[in-house]
Amino acid sequence: MTDTTGPKLTKKSRAFVTPGAPFDTTEDVTGHDFEAHGITLFVHAVLSLPLSGGGMQRRWVVRYAETTTTTKAGTFLVLRADNISTRKEAVTLAVRKIKAQQEAEEAPAPRTAAEQAEERACERDRKAEERTRPTSAQVYVSPISGRATLHLIGADGGQNHEPIKLDGSHRSPQDAGADAAITALGKAGFRCAPGAYWRQHTTRRDTAVLTIVPTRAYLAYNERRFGPRPEVPAIEGATIKARTQRGWWDVTTADGERYALTWSPQIGGDRWTVWGGPQYTKRVRSGSQNEALFVLKHPAHARVACARD
């Protein structure tokens, strides 16, 4: 049946008896189960020692657990609700305390001053990238050599990316843009805007212009680039400590050797690198996170790599 006077708790049909010894009383304790917030409450009414003015003080003991598979005494945390006159008050107080404890456990740990400063810096960089993000591409073809270069231009007219040299020899800017430039754009994280096409530059005959938009891969790359640091899973026997420098972890493997683990966000797949040797100048392994962590989980591989010239 349902307890309609207190919290919305479902009372089960079974009851159990627990010896009173763990609760400092000679009385046997009869308890009932209540379900609340995904846990099981065990509510007991216990008669304590006699009061100095006569009579007995009733004490409610509420135990709870996140599983209902056991009722052994001592396996549950204990909440004592003293000076409570009714079962409803005892359960209400217990639910309130349990809910507060669950919320405290789920709350994120307070951020340090360094973490807050890093978050502000990343947000500034994110906004700067959005202001200067390329919105057009320009292909220049040398009329003498036929060599072509791709330039990414932002809405502010600035060029905030390194020019990209295109392979091959090209007859015109449109010829270069039809194939080589589109391929290079995709690698840089951009594509042709819907309905756009290569058109002649208004003042330069050796240059063609195309309106572009970022790809999903580019936007995802920026989320990683300016978002929270990636998680590095624990490695058995090793200690991993993040440096203040973003994207750098100091690692001591199970055999006592020290390495550096670095992370660099990339379009289409981030690069993780393990560095060893003096001042961490020797690259041990570079690739995905799993590939980098492999040599840290198996230090013998890292030692062999460091020993190579």
# chains A, B, ... in the order shown; residues from 1 in each chain; ligands from 1
>>> select_by_dssp(residues="segment 174-287 of chain A", states="strand (DSSP E or B)", output="PyMOL selection string")
chain A and resi 190-192+199-200+207-214+239-242+248-252+258-264+271-276+282-287
>>> write_last_selection(atoms="C-alpha atoms", output="tab-separated table (two decimals), in the first residue's frame")
chain	number	residue	atom	x	y	z
A	190	PHE	CA	35.83	23.81	-45.10
A	191	ARG	CA	33.59	23.18	-48.09
A	192	CYS	CA	31.80	25.10	-50.82
A	199	ARG	CA	34.10	33.24	-59.79
A	200	GLN	CA	36.69	35.62	-61.16
A	207	THR	CA	42.65	34.78	-58.85
A	208	ALA	CA	39.31	33.00	-58.36
A	209	VAL	CA	37.06	33.37	-55.29
A	210	LEU	CA	34.68	30.90	-53.59
A	211	THR	CA	32.33	31.37	-50.62
A	212	ILE	CA	32.95	28.63	-48.05
A	213	VAL	CA	31.45	27.27	-44.82
A	214	PRO	CA	33.00	25.10	-42.08
A	239	THR	CA	50.62	7.81	-11.97
A	240	ILE	CA	49.32	10.52	-14.29
A	241	LYS	CA	49.46	14.20	-13.36
A	242	ALA	CA	48.21	17.04	-15.54
A	248	TRP	CA	50.37	17.95	-21.24
A	249	TRP	CA	50.51	15.18	-18.63
A	250	ASP	CA	53.49	13.83	-16.67
A	251	VAL	CA	53.40	10.04	-16.43
A	252	THR	CA	55.39	7.67	-14.23
A	258	ARG	CA	59.02	9.04	-16.48
A	259	TYR	CA	57.37	10.18	-19.71
A	260	ALA	CA	55.36	13.10	-21.04
A	261	LEU	CA	51.99	12.63	-22.73
A	262	THR	CA	50.82	15.44	-25.00
A	263	TRP	CA	47.56	16.05	-26.84
A	264	SER	CA	47.06	18.16	-29.95
A	271	ARG	CA	47.15	13.45	-32.08
A	272	TRP	CA	48.48	11.95	-28.83
A	273	THR	CA	52.22	11.66	-28.35
A	274	VAL	CA	54.40	10.00	-25.72
A	275	TRP	CA	57.77	11.65	-25.17
A	276	GLY	CA	60.76	10.18	-23.33
A	282	LYS	CA	62.52	11.78	-27.91
A	283	ARG	CA	59.21	10.83	-29.47
A	284	VAL	CA	58.20	7.35	-28.31
A	285	ARG	CA	54.78	6.90	-29.94
A	286	SER	CA	52.35	9.18	-31.75
A	287	GLY	CA	48.81	8.48	-32.93
>>> residues_around(residues="Asp175 of chain A", least_positions_apart="3", cutoff="10 Å", atoms="only C-alpha atoms", output="JSON, numbers by chain")
{"A": [139, 141, 148, 169, 170, 171, 172, 178, 179, 180, 181, 198, 208]}
>>> select_by_dssp(residues="segment 70-198 of chain A", states="alpha helix (DSSP H)", output="PyMOL selection string")
chain A and resi 87-106+113-132+173-176+182-188
>>> residues_around(residues="segment 228-234 of chain A", least_positions_apart="4", cutoff="8 Å", atoms="only C-alpha atoms", output="list of chain:residue names")
A:Glu119, A:Arg224, A:Ala238, A:Thr239, A:Ile240, A:Arg246, A:Gly247
>>> write_last_selection(atoms="N, CA, C and O atoms", output="short mmCIF file (atom, residue, chain, number, x, y, z; two decimals), in the first residue's frame")
data_model
loop_
_atom_site.label_atom_id
_atom_site.label_comp_id
_atom_site.auth_asym_id
_atom_site.auth_seq_id
_atom_site.Cartn_x
_atom_site.Cartn_y
_atom_site.Cartn_z
N GLU A 119 39.65 28.31 -18.53
CA GLU A 119 38.33 28.37 -19.18
C GLU A 119 38.08 29.74 -19.79
O GLU A 119 37.56 29.84 -20.91
N ARG A 224 36.59 20.65 -29.26
CA ARG A 224 37.66 20.01 -28.50
C ARG A 224 38.77 21.01 -28.20
O ARG A 224 39.37 21.00 -27.12
N ALA A 238 50.52 3.03 -12.84
CA ALA A 238 51.13 4.29 -13.28
C ALA A 238 50.46 5.47 -12.59
O ALA A 238 49.30 5.39 -12.17
N THR A 239 51.18 6.56 -12.48
CA THR A 239 50.62 7.81 -11.97
C THR A 239 50.61 8.83 -13.10
O THR A 239 51.59 8.95 -13.84
N ILE A 240 49.50 9.54 -13.23
CA ILE A 240 49.32 10.52 -14.29
C ILE A 240 48.95 11.85 -13.66
O ILE A 240 47.99 11.92 -12.90
N ARG A 246 48.16 23.34 -20.92
CA ARG A 246 47.06 22.58 -21.50
C ARG A 246 47.58 21.54 -22.48
O ARG A 246 48.43 21.82 -23.32
N GLY A 247 47.04 20.32 -22.36
CA GLY A 247 47.42 19.27 -23.29
C GLY A 247 48.71 18.56 -22.93
O GLY A 247 49.34 17.95 -23.80
#
>>> residues_around(residues="His301 of chain A", least_positions_apart="5", cutoff="12 Å", atoms="only C-alpha atoms", output="list in words")
Thr253, Asp255, Glu257, Val274, Gly276, Val284, Arg285, Glu291, Ala292, Leu293, Phe294, Val295, Leu296, Cys306, Ala307 and Arg308 of chain A
>>> write_last_selection(atoms="N, CA and C atoms", output="mmCIF file, in the first residue's frame")
data_model
loop_
_atom_site.group_PDB
_atom_site.id
_atom_site.type_symbol
_atom_site.label_atom_id
_atom_site.label_comp_id
_atom_site.auth_asym_id
_atom_site.auth_seq_id
_atom_site.Cartn_x
_atom_site.Cartn_y
_atom_site.Cartn_z
ATOM 1 N N THR A 253 55.463 5.433 -15.164
ATOM 2 C CA THR A 253 54.942 4.103 -15.444
ATOM 3 C C THR A 253 55.243 3.150 -14.282
ATOM 4 N N ASP A 255 57.178 0.752 -13.990
ATOM 5 C CA ASP A 255 58.594 0.427 -13.748
ATOM 6 C C ASP A 255 59.389 1.620 -13.259
ATOM 7 N N GLU A 257 59.778 4.598 -14.749
ATOM 8 C CA GLU A 257 60.252 5.509 -15.789
ATOM 9 C C GLU A 257 59.273 6.672 -15.949
ATOM 10 N N VAL A 274 53.617 10.325 -26.919
ATOM 11 C CA VAL A 274 54.397 10.002 -25.723
ATOM 12 C C VAL A 274 55.835 10.397 -25.985
ATOM 13 N N GLY A 276 59.845 10.698 -24.339
ATOM 14 C CA GLY A 276 60.763 10.182 -23.333
ATOM 15 C C GLY A 276 62.146 10.768 -23.512
ATOM 16 N N VAL A 284 58.311 8.794 -28.508
ATOM 17 C CA VAL A 284 58.195 7.347 -28.308
ATOM 18 C C VAL A 284 57.088 6.758 -29.166
ATOM 19 N N ARG A 285 55.924 7.386 -29.168
ATOM 20 C CA ARG A 285 54.784 6.897 -29.943
ATOM 21 C C ARG A 285 53.837 8.067 -30.195
ATOM 22 N N GLU A 291 46.654 4.297 -28.966
ATOM 23 C CA GLU A 291 47.994 3.933 -29.425
ATOM 24 C C GLU A 291 49.061 4.512 -28.500
ATOM 25 N N ALA A 292 48.857 5.747 -28.035
ATOM 26 C CA ALA A 292 49.831 6.365 -27.137
ATOM 27 C C ALA A 292 49.821 5.691 -25.768
ATOM 28 N N LEU A 293 48.628 5.383 -25.271
ATOM 29 C CA LEU A 293 48.533 4.779 -23.944
ATOM 30 C C LEU A 293 49.066 3.356 -23.921
ATOM 31 N N PHE A 294 49.098 2.696 -25.079
ATOM 32 C CA PHE A 294 49.572 1.309 -25.116
ATOM 33 C C PHE A 294 50.987 1.199 -24.574
ATOM 34 N N VAL A 295 51.878 2.107 -24.996
ATOM 35 C CA VAL A 295 53.276 2.010 -24.560
ATOM 36 C C VAL A 295 53.417 2.397 -23.087
ATOM 37 N N LEU A 296 52.452 3.146 -22.546
ATOM 38 C CA LEU A 296 52.506 3.474 -21.124
ATOM 39 C C LEU A 296 51.962 2.329 -20.274
ATOM 40 N N CYS A 306 62.745 4.291 -26.737
ATOM 41 C CA CYS A 306 63.688 5.303 -26.282
ATOM 42 C C CYS A 306 65.133 4.907 -26.552
ATOM 43 N N ALA A 307 65.386 3.610 -26.600
ATOM 44 C CA ALA A 307 66.758 3.141 -26.792
ATOM 45 C C ALA A 307 67.197 3.256 -28.242
ATOM 46 N N ARG A 308 66.232 3.413 -29.164
ATOM 47 C CA ARG A 308 66.604 3.530 -30.571
ATOM 48 C C ARG A 308 67.252 4.877 -30.853
#
